[in-house]
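Novice: Sharing a structure below in structure tokens format, with a few things to ask.
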Amino acid sequence: MPWAEALIRAQTRESVLSSEQGRVLSYVDALNEALSIAMEMDKKVIVLGQGVDDPAASFGVTKGLQEKFGGERVFDVPLSEEGMTGIITGAAVGGIRPVMTHNRPDFILLSMNQLVTHASKICYLDEGKNNVPFVIWAAIGRGWGSGAQHSQAIQGMLVGVPGLKVIMPSTPFDAKGMMLGAIADNNPVVIIEHRWLTRTKGVVPEGFYTVPFGKGVYRRRGTDVSIVGTSHILDLSIRAAEELEEEGISVEVVDLRSIKPLDEAIIMETVQKTGKLLVVDTGWERGGVCAEVGFVAAEKCFSALKAPVARVGLPDVPTPAGYKLEQLYYPNVETIKKAVKKMVN
Amino acid sequence: MKYGYKGKGFADTKTTLGKEKLTELYYSMLRIRRIEEGVEAHYHEDEMKTPIHLVIGQEASCVGACAPLTKEDLVYASHRTHGVYLAKGGDLKAMLSEFFCRKNGCAGSRGGSMHLIDQSVGMAGSSAICGGNVPIVVGLALAAHVQGVKRVNMCTFGDGAAEEGVVWEAINFAALKKLPVIFFCENNFFSVFTPLYKRQPENVELWKKAEAFGAKSVVVDGSNVVDVYEAVAKAREGALNGDGPYFIESRVYRWRGHGGAGDDNSKGYRDPAELSDWKKVCPIESYFEFLKTNQLLSDADKEAMEKDIKAEFEEAYEFARNSPEPDESDLATHVYSERIQYEVKKDALGRSTH
């Protein structure tokens, strides 16, 4: 869908980056480099998924890997999501480190028995005798008719699964470092990516480095309201914060980077500073990441709160496919600004 | 009688296996039977607080499946684990300690009877979800293939599991990549109380479906240990020589209920004549007659075996019963593996490098 790509490009801000800060790479190239480095470092790393060796190459993430590392280590798979998730579970138990891509998180839902009931449980059930070091990567779709079955942000369903790690990077630097961290990790890790981040650019160091899980980072310092979230909606939140600054409202933006493990300390720290918490997420507001982060504030720093915790996520409605309804459905910079203003006034 | 015994017993059995191997198969089956009976006899005492799925009546199937394998070959079982675990050489004390929910159980009391594991003998694990172990075994085979390790990888599952879509996804992939997998399907004609004819179209045999998916497939008499052994030995050799996966349908009958102790025929879900029919060809007694007729085993040999097994079980049972309980410090360990695969070096600025 060329128009979908055009939409993503239109939504992507050109960052102002000086070469003094280091080498600039696109988000997709950062991921591609991470996979390439991991495969060079360790023969046990394999990359598989529907279309990894086709011309689209998982949005470019797996481009050139088969040419470089061969069809035994980089290969396309049948349309068998549950089966393939079980197969990478067994392969991981058997000592190799698979990275599997899905076109969309919606396809992860086909594999929940293996992901939740097997891969995430094996280490515990077997008393640590077996480990399941795999990475599952999928990019949330948004816009141009992705609709109810190609845009689901399912992280909220996974945040309560013991034994699983769920990470949601928002910058090319983190995308590379967290992919490498996920491959190095000895547990099943799900990376929930966002299609609207794939064309962003940023400074990405060369070589191997990892970004730790469960360590949030301040993207912007402020004093009036804290916005806490991950991934693409952080991008919207930073834009909202920039615009609000001109109106005299100082917003702090915290990027959690991973939602499981969750950096509770940084949530408490920022709430203690501003007293006002707006949780943002690309998924549904109900019972998901917004609810979990909000509860941390309620449970662990209630006395620091000067206003009720607020959230901006998706309404309790499936994603509509049509253009006009989509505009009404998704939060945007204005939605976030409005939520912040309501908390300040 | 819908699901009566349709095999030929040992009437036509001829084998090139030697006396030692044939005796070993007998011992292994008798041992599993007596251990299962021992567990069953104590189960009502409610000290083993774990669901059990006895294999009484199916011993030839699990022994025939595991005996041709080496320690390096891997087996990943379904919920009906006991027989496979013991046949593969799993430690008896660790199994019974797991049944007693003790700290030193083979899964540290996290798994119970449906999650037996003993890596030292290639008993790689088990899953309590029907069909859940099947793709995992295909993954173990993929790992062996990628690492250039020669071993076969076997999953054991029932006719019920063969109704799960994931089983066919796994067979398709194994056939596609020609992976060394043995899909060992024990068809005992019932899923809990539900007979096969209510779940699958009649006259479409399981092994034939698998054949259509590209696995070399056979059906064996699961009451005849020699029949099962030879089919598995052949499959093992073929799988290691690049034939791709094998599917073996082993027809058996469980003499007890789906779970727990005792026969549940009184519930009226199956024809009692079926059980009597299968009991006539008890996999252990009929095999003993075969060995005796061929002057390979005597009544005295059998008595000596019974004595050994009884002593072994009693000792292991007391060991398990007196083993320590886990405590609070055991509850939340191993939810995650703490190990990080690659050593990360820091440069002068504290950045991680490799």
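Labels for the structure tokens follow display order: chains A, B, ..., residues from 1 in each chain, ligands from 1.
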I'd like the contact shell of region 190-206 of chain A - 6 Å cut-off, only C-alpha atoms, skipping same-chain residues fewer than 4 positions apart - returned as a list in words.
Specialist: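 These residues fall inside the cut-off: Ile8, Thr12, Gly22, Arg23, Val24, Leu25, Ser26, Tyr27, Val28, Val135, Ile136, Trp137, Ala138, Ala139, Ile140, Gly141, Val166, Ile167, Met168, Pro172 and Phe173 of chain A.
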Novice: Output the selection as a PDB file, in the first residue's frame - N, CA and C atoms for each residue.
Specialist:
ATOM      1  N   ILE A   8       2.792   7.556   6.461  1.00  0.00           N
ATOM      2  CA  ILE A   8       3.811   7.462   7.511  1.00  0.00           C
ATOM      3  C   ILE A   8       4.879   8.542   7.325  1.00  0.00           C
ATOM      4  N   THR A  12       5.942  11.795   9.796  1.00  0.00           N
ATOM      5  CA  THR A  12       7.261  11.725  10.418  1.00  0.00           C
ATOM      6  C   THR A  12       7.914  13.101  10.413  1.00  0.00           C
ATOM      7  N   GLY A  22      26.680  12.387  16.245  1.00  0.00           N
ATOM      8  CA  GLY A  22      26.966  11.021  15.839  1.00  0.00           C
ATOM      9  C   GLY A  22      26.244  10.661  14.558  1.00  0.00           C
ATOM     10  N   ARG A  23      26.370   9.400  14.219  1.00  0.00           N
ATOM     11  CA  ARG A  23      25.807   8.913  12.962  1.00  0.00           C
ATOM     12  C   ARG A  23      24.281   8.878  13.030  1.00  0.00           C
ATOM     13  N   VAL A  24      23.647   9.284  11.953  1.00  0.00           N
ATOM     14  CA  VAL A  24      22.181   9.294  11.914  1.00  0.00           C
ATOM     15  C   VAL A  24      21.687   8.108  11.071  1.00  0.00           C
ATOM     16  N   LEU A  25      20.757   7.362  11.638  1.00  0.00           N
ATOM     17  CA  LEU A  25      20.148   6.226  10.916  1.00  0.00           C
ATOM     18  C   LEU A  25      18.632   6.310  11.038  1.00  0.00           C
ATOM     19  N   SER A  26      17.957   5.692  10.085  1.00  0.00           N
ATOM     20  CA  SER A  26      16.503   5.592  10.231  1.00  0.00           C
ATOM     21  C   SER A  26      16.216   4.456  11.217  1.00  0.00           C
ATOM     22  N   TYR A  27      15.004   4.499  11.737  1.00  0.00           N
ATOM     23  CA  TYR A  27      14.546   3.506  12.710  1.00  0.00           C
ATOM     24  C   TYR A  27      14.694   2.085  12.154  1.00  0.00           C
ATOM     25  N   VAL A  28      14.247   1.914  10.899  1.00  0.00           N
ATOM     26  CA  VAL A  28      14.299   0.595  10.267  1.00  0.00           C
ATOM     27  C   VAL A  28      15.745   0.151  10.066  1.00  0.00           C
ATOM     28  N   VAL A 135      12.833 -13.739  20.465  1.00  0.00           N
ATOM     29  CA  VAL A 135      12.302 -12.387  20.293  1.00  0.00           C
ATOM     30  C   VAL A 135      11.179 -12.450  19.263  1.00  0.00           C
ATOM     31  N   ILE A 136      10.039 -11.882  19.609  1.00  0.00           N
ATOM     32  CA  ILE A 136       8.955 -11.736  18.638  1.00  0.00           C
ATOM     33  C   ILE A 136       8.761 -10.244  18.393  1.00  0.00           C
ATOM     34  N   TRP A 137       8.766  -9.867  17.133  1.00  0.00           N
ATOM     35  CA  TRP A 137       8.702  -8.446  16.754  1.00  0.00           C
ATOM     36  C   TRP A 137       7.467  -8.224  15.888  1.00  0.00           C
ATOM     37  N   ALA A 138       6.726  -7.172  16.195  1.00  0.00           N
ATOM     38  CA  ALA A 138       5.555  -6.840  15.376  1.00  0.00           C
ATOM     39  C   ALA A 138       5.320  -5.343  15.438  1.00  0.00           C
ATOM     40  N   ALA A 139       4.837  -4.769  14.349  1.00  0.00           N
ATOM     41  CA  ALA A 139       4.619  -3.321  14.290  1.00  0.00           C
ATOM     42  C   ALA A 139       3.134  -3.000  14.193  1.00  0.00           C
ATOM     43  N   ILE A 140       2.669  -2.182  15.139  1.00  0.00           N
ATOM     44  CA  ILE A 140       1.261  -1.774  15.158  1.00  0.00           C
ATOM     45  C   ILE A 140       0.964  -0.932  13.918  1.00  0.00           C
ATOM     46  N   GLY A 141      -0.148  -1.216  13.258  1.00  0.00           N
ATOM     47  CA  GLY A 141      -0.572  -0.412  12.118  1.00  0.00           C
ATOM     48  C   GLY A 141      -1.515   0.691  12.554  1.00  0.00           C
ATOM     49  N   VAL A 166       7.963  -7.360  27.662  1.00  0.00           N
ATOM     50  CA  VAL A 166       7.321  -6.616  26.573  1.00  0.00           C
ATOM     51  C   VAL A 166       7.985  -5.250  26.475  1.00  0.00           C
ATOM     52  N   ILE A 167       8.577  -4.961  25.341  1.00  0.00           N
ATOM     53  CA  ILE A 167       9.275  -3.685  25.199  1.00  0.00           C
ATOM     54  C   ILE A 167       8.707  -2.893  24.035  1.00  0.00           C
ATOM     55  N   MET A 168       8.743  -1.582  24.169  1.00  0.00           N
ATOM     56  CA  MET A 168       8.153  -0.693  23.166  1.00  0.00           C
ATOM     57  C   MET A 168       9.040   0.533  22.963  1.00  0.00           C
ATOM     58  N   PRO A 172      15.267   5.434  17.251  1.00  0.00           N
ATOM     59  CA  PRO A 172      16.166   4.507  16.568  1.00  0.00           C
ATOM     60  C   PRO A 172      17.279   3.988  17.491  1.00  0.00           C
ATOM     61  N   PHE A 173      17.776   4.851  18.388  1.00  0.00           N
ATOM     62  CA  PHE A 173      18.803   4.424  19.341  1.00  0.00           C
ATOM     63  C   PHE A 173      18.284   3.272  20.195  1.00  0.00           C
TER      64      PHE A 173
END
Novice: Give me, as a ChimeraX atom specification, the contact residues of chain B against chain A at a cut-off of 9 Å, counting only C-alpha atoms.
Specialist: /B:106-112,115-117,119,124-125,127,129,132-144,146-147,165-170,172-173,332-342,344-345,351-354
Novice: Save the residues we just selected, C-alpha atoms, as a PDB file, in the first residue's frame?
Specialist:
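Result written to again17.pdb:
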ATOM      1  CA  CYS B 106      11.951 -33.179  39.166  1.00  0.00           C
ATOM      2  CA  ALA B 107      10.327 -29.766  38.576  1.00  0.00           C
ATOM      3  CA  GLY B 108      10.739 -28.441  42.117  1.00  0.00           C
ATOM      4  CA  SER B 109       6.984 -28.811  42.718  1.00  0.00           C
ATOM      5  CA  ARG B 110       6.157 -26.218  40.071  1.00  0.00           C
ATOM      6  CA  GLY B 111       4.989 -28.713  37.518  1.00  0.00           C
ATOM      7  CA  GLY B 112       3.272 -31.673  39.139  1.00  0.00           C
ATOM      8  CA  HIS B 115       5.333 -31.522  33.768  1.00  0.00           C
ATOM      9  CA  LEU B 116       7.915 -34.223  34.282  1.00  0.00           C
ATOM     10  CA  ILE B 117      11.441 -33.496  33.135  1.00  0.00           C
ATOM     11  CA  GLN B 119      17.331 -33.626  31.063  1.00  0.00           C
ATOM     12  CA  ALA B 124      13.145 -32.693  27.703  1.00  0.00           C
ATOM     13  CA  GLY B 125       9.815 -31.726  29.246  1.00  0.00           C
ATOM     14  CA  SER B 127       2.997 -29.924  28.310  1.00  0.00           C
ATOM     15  CA  ILE B 129      -2.136 -28.590  26.891  1.00  0.00           C
ATOM     16  CA  GLY B 132       1.144 -27.943  22.954  1.00  0.00           C
ATOM     17  CA  ASN B 133       4.293 -30.044  22.988  1.00  0.00           C
ATOM     18  CA  VAL B 134       4.101 -30.903  19.291  1.00  0.00           C
ATOM     19  CA  PRO B 135       5.479 -27.669  17.728  1.00  0.00           C
ATOM     20  CA  ILE B 136       7.994 -27.417  20.574  1.00  0.00           C
ATOM     21  CA  VAL B 137       9.491 -30.729  19.490  1.00  0.00           C
ATOM     22  CA  VAL B 138       9.651 -29.519  15.905  1.00  0.00           C
ATOM     23  CA  GLY B 139      11.572 -26.529  17.287  1.00  0.00           C
ATOM     24  CA  LEU B 140      13.966 -28.844  19.131  1.00  0.00           C
ATOM     25  CA  ALA B 141      14.551 -30.587  15.812  1.00  0.00           C
ATOM     26  CA  LEU B 142      15.121 -27.241  14.097  1.00  0.00           C
ATOM     27  CA  ALA B 143      17.682 -26.351  16.785  1.00  0.00           C
ATOM     28  CA  ALA B 144      19.453 -29.674  16.208  1.00  0.00           C
ATOM     29  CA  VAL B 146      20.826 -25.476  12.806  1.00  0.00           C
ATOM     30  CA  GLN B 147      23.538 -26.642  15.215  1.00  0.00           C
ATOM     31  CA  GLY B 165      -4.724 -27.266  14.408  1.00  0.00           C
ATOM     32  CA  VAL B 166      -1.255 -26.589  15.769  1.00  0.00           C
ATOM     33  CA  VAL B 167      -0.336 -30.272  15.435  1.00  0.00           C
ATOM     34  CA  TRP B 168      -0.879 -30.047  11.685  1.00  0.00           C
ATOM     35  CA  GLU B 169       0.971 -26.745  11.465  1.00  0.00           C
ATOM     36  CA  ALA B 170       3.888 -28.480  13.154  1.00  0.00           C
ATOM     37  CA  ASN B 172       3.627 -29.319   7.831  1.00  0.00           C
ATOM     38  CA  PHE B 173       6.725 -27.388   8.903  1.00  0.00           C
ATOM     39  CA  ALA B 332       8.964 -16.672  42.858  1.00  0.00           C
ATOM     40  CA  THR B 333      12.293 -18.008  41.618  1.00  0.00           C
ATOM     41  CA  HIS B 334      12.856 -18.894  37.949  1.00  0.00           C
ATOM     42  CA  VAL B 335       9.954 -16.803  36.650  1.00  0.00           C
ATOM     43  CA  TYR B 336      12.671 -15.318  34.484  1.00  0.00           C
ATOM     44  CA  SER B 337      16.129 -16.490  33.645  1.00  0.00           C
ATOM     45  CA  GLU B 338      18.596 -13.918  34.935  1.00  0.00           C
ATOM     46  CA  ARG B 339      21.308 -14.882  32.502  1.00  0.00           C
ATOM     47  CA  ILE B 340      22.339 -12.459  29.759  1.00  0.00           C
ATOM     48  CA  GLN B 341      23.913 -14.215  26.833  1.00  0.00           C
ATOM     49  CA  TYR B 342      26.605 -11.802  25.767  1.00  0.00           C
ATOM     50  CA  VAL B 344      28.838  -6.529  27.637  1.00  0.00           C
ATOM     51  CA  LYS B 345      32.000  -4.498  27.995  1.00  0.00           C
ATOM     52  CA  ARG B 351      28.842   2.942  27.112  1.00  0.00           C
ATOM     53  CA  SER B 352      28.399  -0.732  26.449  1.00  0.00           C
ATOM     54  CA  THR B 353      30.403  -2.228  23.621  1.00  0.00           C
ATOM     55  CA  HIS B 354      31.160  -5.700  22.497  1.00  0.00           C
TER      56      HIS B 354
END
Novice: Can you pull out every residue within 12 Å of Phe100 (chain B), counting only C-alpha atoms, but drop anything in the same chain fewer than 4 positions away, and send it as a ChimeraX atom specification?
Specialist: /B:39,42-43,45-52,93-96,104-113,316-326
Novice: Per DSSP on the backbone, what are the helix (DSSP H, G or I) residues of region 52-100 of chain B, as number ranges by chain?
Specialist: B: 59-66, 82-87, 92-99
Novice: Those residues with N, CA, C and O atoms, as a tab-separated table (two decimals), in the first residue's frame please?
Specialist:
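What ended up in selection-v8.tsv:
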chain	number	residue	atom	x	y	z
B	59	GLU	N	1.55	-49.61	28.49
B	59	GLU	CA	3.00	-49.70	28.75
B	59	GLU	C	3.82	-50.07	27.52
B	59	GLU	O	4.93	-49.57	27.33
B	60	ALA	N	3.27	-50.96	26.68
B	60	ALA	CA	4.06	-51.38	25.51
B	60	ALA	C	4.29	-50.21	24.58
B	60	ALA	O	5.33	-50.11	23.91
B	61	SER	N	3.32	-49.30	24.56
B	61	SER	CA	3.42	-48.15	23.68
B	61	SER	C	4.53	-47.21	24.13
B	61	SER	O	5.40	-46.83	23.34
B	62	CYS	N	4.55	-46.87	25.42
B	62	CYS	CA	5.60	-45.92	25.85
B	62	CYS	C	6.98	-46.57	25.89
B	62	CYS	O	7.98	-45.92	25.55
B	63	VAL	N	7.03	-47.82	26.27
B	63	VAL	CA	8.35	-48.48	26.28
B	63	VAL	C	8.86	-48.68	24.84
B	63	VAL	O	10.03	-48.41	24.54
B	64	GLY	N	7.98	-49.11	23.97
B	64	GLY	CA	8.37	-49.30	22.57
B	64	GLY	C	8.80	-47.99	21.92
B	64	GLY	O	9.66	-47.96	21.04
B	65	ALA	N	8.20	-46.88	22.37
B	65	ALA	CA	8.55	-45.57	21.81
B	65	ALA	C	9.91	-45.10	22.27
B	65	ALA	O	10.68	-44.53	21.49
B	66	CYS	N	10.21	-45.33	23.54
B	66	CYS	CA	11.43	-44.74	24.12
B	66	CYS	C	12.66	-45.65	24.06
B	66	CYS	O	13.79	-45.15	23.99
B	82	HIS	N	3.83	-40.19	32.87
B	82	HIS	CA	4.58	-41.11	33.74
B	82	HIS	C	5.33	-42.20	32.97
B	82	HIS	O	6.50	-42.46	33.23
B	83	GLY	N	4.62	-42.83	32.06
B	83	GLY	CA	5.19	-43.98	31.35
B	83	GLY	C	6.37	-43.56	30.48
B	83	GLY	O	7.42	-44.22	30.46
B	84	VAL	N	6.20	-42.45	29.77
B	84	VAL	CA	7.26	-41.98	28.88
B	84	VAL	C	8.49	-41.57	29.70
B	84	VAL	O	9.62	-41.90	29.37
B	85	TYR	N	8.23	-40.86	30.78
B	85	TYR	CA	9.32	-40.40	31.66
B	85	TYR	C	10.13	-41.59	32.17
B	85	TYR	O	11.36	-41.60	32.10
B	86	LEU	N	9.43	-42.62	32.66
B	86	LEU	CA	10.14	-43.79	33.20
B	86	LEU	C	10.81	-44.59	32.09
B	86	LEU	O	11.95	-45.04	32.22
B	87	ALA	N	10.12	-44.73	30.96
B	87	ALA	CA	10.69	-45.50	29.85
B	87	ALA	C	11.94	-44.82	29.29
B	87	ALA	O	12.87	-45.47	28.84
B	92	LEU	N	13.19	-42.09	39.23
B	92	LEU	CA	11.95	-42.44	39.92
B	92	LEU	C	11.72	-41.60	41.17
B	92	LEU	O	10.63	-41.12	41.44
B	93	LYS	N	12.80	-41.40	41.94
B	93	LYS	CA	12.65	-40.63	43.19
B	93	LYS	C	12.22	-39.20	42.88
B	93	LYS	O	11.39	-38.62	43.59
B	94	ALA	N	12.81	-38.63	41.85
B	94	ALA	CA	12.47	-37.25	41.48
B	94	ALA	C	11.02	-37.16	41.00
B	94	ALA	O	10.33	-36.18	41.25
B	95	MET	N	10.54	-38.21	40.32
B	95	MET	CA	9.16	-38.23	39.85
B	95	MET	C	8.19	-38.30	41.03
B	95	MET	O	7.25	-37.52	41.12
B	96	LEU	N	8.44	-39.25	41.93
B	96	LEU	CA	7.53	-39.40	43.07
B	96	LEU	C	7.60	-38.17	43.97
B	96	LEU	O	6.58	-37.75	44.53
B	97	SER	N	8.77	-37.57	44.10
B	97	SER	CA	8.87	-36.35	44.91
B	97	SER	C	8.06	-35.23	44.28
B	97	SER	O	7.46	-34.41	44.99
B	98	GLU	N	8.01	-35.20	42.96
B	98	GLU	CA	7.17	-34.20	42.28
B	98	GLU	C	5.69	-34.48	42.57
B	98	GLU	O	4.91	-33.56	42.81
B	99	PHE	N	5.32	-35.77	42.59
B	99	PHE	CA	3.92	-36.12	42.92
B	99	PHE	C	3.57	-35.68	44.35
B	99	PHE	O	2.45	-35.28	44.63
Novice: Quick check, in Å to one decimal: how far apart do CA of Val219 (chain B) and CA of Val232 (chain B) lie?
Specialist: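 Going from CA of Val219 (chain B) over to CA of Val232 (chain B), I get 10.9 Å.
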Novice: Write out as a short mmCIF file (atom, residue, chain, number, x, y, z; two decimals) with all heavy atoms, in the first residue's frame the residues lying within 9 Å of Ser226 (chain A), counting only C-alpha atoms and excluding same-chain residues fewer than 4 positions away.
Specialist:
data_model
loop_
_atom_site.label_atom_id
_atom_site.label_comp_id
_atom_site.auth_asym_id
_atom_site.auth_seq_id
_atom_site.Cartn_x
_atom_site.Cartn_y
_atom_site.Cartn_z
N ARG A 221 12.08 17.53 30.33
CA ARG A 221 11.88 17.89 31.73
C ARG A 221 10.80 18.96 31.86
O ARG A 221 10.68 19.84 31.00
CB ARG A 221 13.18 18.43 32.33
CG ARG A 221 14.30 17.41 32.37
CD ARG A 221 14.06 16.40 33.47
NE ARG A 221 15.22 15.48 33.57
CZ ARG A 221 15.40 14.64 34.58
NH1 ARG A 221 14.51 14.58 35.55
NH2 ARG A 221 16.45 13.86 34.60
N GLY A 222 10.01 18.90 32.91
CA GLY A 222 8.97 19.89 33.12
C GLY A 222 8.52 19.86 34.56
O GLY A 222 8.96 19.00 35.34
N VAL A 251 5.65 20.68 30.73
CA VAL A 251 5.30 19.25 30.76
C VAL A 251 6.56 18.39 30.78
O VAL A 251 7.49 18.61 30.00
CB VAL A 251 4.43 18.89 29.53
CG1 VAL A 251 4.13 17.40 29.50
CG2 VAL A 251 3.14 19.68 29.53
N GLU A 252 6.56 17.41 31.66
CA GLU A 252 7.65 16.43 31.70
C GLU A 252 7.19 15.19 30.94
O GLU A 252 6.05 14.75 31.10
CB GLU A 252 7.94 16.07 33.16
CG GLU A 252 9.09 15.13 33.35
CD GLU A 252 9.81 15.39 34.68
OE1 GLU A 252 10.54 16.39 34.77
OE2 GLU A 252 9.64 14.60 35.61
N VAL A 253 8.08 14.64 30.08
CA VAL A 253 7.69 13.46 29.30
C VAL A 253 8.63 12.31 29.64
O VAL A 253 9.85 12.42 29.49
CB VAL A 253 7.73 13.75 27.78
CG1 VAL A 253 7.35 12.50 27.00
CG2 VAL A 253 6.78 14.89 27.43
N VAL A 254 8.04 11.23 30.13
CA VAL A 254 8.82 10.05 30.52
C VAL A 254 8.55 8.91 29.55
O VAL A 254 7.39 8.55 29.33
CB VAL A 254 8.47 9.61 31.96
CG1 VAL A 254 9.19 8.30 32.32
CG2 VAL A 254 8.82 10.70 32.95
N ILE A 267 8.29 6.39 37.51
CA ILE A 267 6.90 6.86 37.59
C ILE A 267 6.72 7.61 38.91
O ILE A 267 6.18 8.73 38.95
CB ILE A 267 5.90 5.67 37.51
CG1 ILE A 267 6.05 4.93 36.17
CG2 ILE A 267 4.46 6.16 37.69
CD1 ILE A 267 5.31 3.59 36.10
N THR A 270 8.69 11.05 38.95
CA THR A 270 8.10 12.17 38.22
C THR A 270 6.79 12.64 38.87
O THR A 270 6.50 13.83 38.92
CB THR A 270 7.93 11.83 36.72
OG1 THR A 270 7.54 13.02 36.03
CG2 THR A 270 6.90 10.75 36.47
N VAL A 271 6.02 11.70 39.41
CA VAL A 271 4.77 12.08 40.09
C VAL A 271 5.07 12.89 41.34
O VAL A 271 4.40 13.88 41.64
CB VAL A 271 3.91 10.83 40.41
CG1 VAL A 271 2.76 11.18 41.34
CG2 VAL A 271 3.38 10.20 39.13
N LYS A 273 7.41 14.85 41.68
CA LYS A 273 7.86 16.18 41.26
C LYS A 273 6.68 17.06 40.80
O LYS A 273 6.53 18.18 41.26
CB LYS A 273 8.85 16.01 40.12
CG LYS A 273 9.42 17.30 39.59
CD LYS A 273 10.49 16.96 38.57
CE LYS A 273 10.82 18.13 37.69
NZ LYS A 273 11.62 17.70 36.56
N THR A 274 5.85 16.54 39.92
CA THR A 274 4.79 17.38 39.34
C THR A 274 3.44 17.21 40.04
O THR A 274 2.60 18.10 39.97
CB THR A 274 4.57 17.03 37.85
OG1 THR A 274 4.07 15.68 37.77
CG2 THR A 274 5.85 17.14 37.04
N GLY A 275 3.22 16.06 40.64
CA GLY A 275 1.93 15.81 41.31
C GLY A 275 0.79 15.52 40.35
O GLY A 275 -0.34 15.29 40.77
N LYS A 276 1.07 15.54 39.04
CA LYS A 276 0.00 15.32 38.06
C LYS A 276 0.46 14.34 36.99
O LYS A 276 1.47 14.57 36.34
CB LYS A 276 -0.42 16.65 37.43
CG LYS A 276 -1.15 17.54 38.42
CD LYS A 276 -1.46 18.89 37.87
CE LYS A 276 -2.14 19.73 38.97
NZ LYS A 276 -2.30 21.12 38.55
N LEU A 277 -0.32 13.29 36.82
CA LEU A 277 0.10 12.22 35.92
C LEU A 277 -0.91 11.98 34.81
O LEU A 277 -2.08 11.69 35.07
CB LEU A 277 0.29 10.91 36.72
CG LEU A 277 0.59 9.65 35.92
CD1 LEU A 277 1.93 9.75 35.18
CD2 LEU A 277 0.60 8.42 36.82
N LEU A 278 -0.42 12.10 33.59
CA LEU A 278 -1.22 11.71 32.42
C LEU A 278 -0.53 10.50 31.80
O LEU A 278 0.62 10.58 31.36
CB LEU A 278 -1.28 12.86 31.40
CG LEU A 278 -1.95 12.51 30.05
CD1 LEU A 278 -3.43 12.20 30.22
CD2 LEU A 278 -1.75 13.65 29.05
N VAL A 279 -1.23 9.37 31.79
CA VAL A 279 -0.66 8.16 31.19
C VAL A 279 -1.15 8.06 29.75
O VAL A 279 -2.33 8.26 29.48
CB VAL A 279 -1.07 6.88 31.96
CG1 VAL A 279 -0.21 5.72 31.53
CG2 VAL A 279 -0.98 7.08 33.46
N VAL A 340 -3.96 17.57 29.11
CA VAL A 340 -3.02 18.25 30.02
C VAL A 340 -3.66 19.53 30.56
O VAL A 340 -3.61 19.80 31.78
CB VAL A 340 -1.70 18.59 29.28
CG1 VAL A 340 -0.81 19.50 30.14
CG2 VAL A 340 -0.95 17.30 28.91
#
Novice: When you count only C-alpha atoms, which of these residues is closest to Val189 (chain A): A:Val99, A:Leu7, A:Ile154, A:Val280?
Specialist: A:Val99
Novice: Leaving out Gly242 (chain B) and any residue of its chain fewer than 6 positions from it, which residues lie within 10 Å of it when counting only C-alpha atoms, given as a ChimeraX atom specification?
Specialist: /B:177-180
Novice: Taking the DSSP secondary structure from the backbone, can you list the residues of region 238-327 of chain A that are strand (DSSP E), as number ranges by chain?
Specialist: A: 251-255, 258-260, 277-284, 310-314
Novice: Please report the interatomic distance between CA of Ala261 (chain B) and CA of Val55 (chain B) in Å with one decimal.
Specialist: 10.9 Å
Novice: Counting only C-alpha atoms, figure out which residue out of B:Ser298, B:Gly160, B:Lys279, B:Val75 gets nearest to Tyr197 (chain B).
Specialist: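 Closest to Tyr197 (chain B), using only C-alpha atoms: B:Gly160.
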Novice: Residues within 10 Å of Glu230 (chain B), please, as JSON, numbers by chain. Count only C-alpha atoms; anything in the same chain fewer than 4 positions from it doesn't count.
Specialist: {"B": [15, 16, 17, 64, 65, 67, 68, 220, 225, 226, 234, 235, 236]}
Novice: Skip Glu20 (chain B) itself and residues of its chain fewer than 4 positions away, then list as a ChimeraX atom specification all residues within 10 Å of it, counting only C-alpha atoms.
Specialist: /B:24-25,296
Novice: Interatomic distance between CA of Leu291 (chain B) and CA of Glu249 (chain B)?
Specialist: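 If I compute the distance from CA of Leu291 (chain B) to CA of Glu249 (chain B), I get 24.9 Å.
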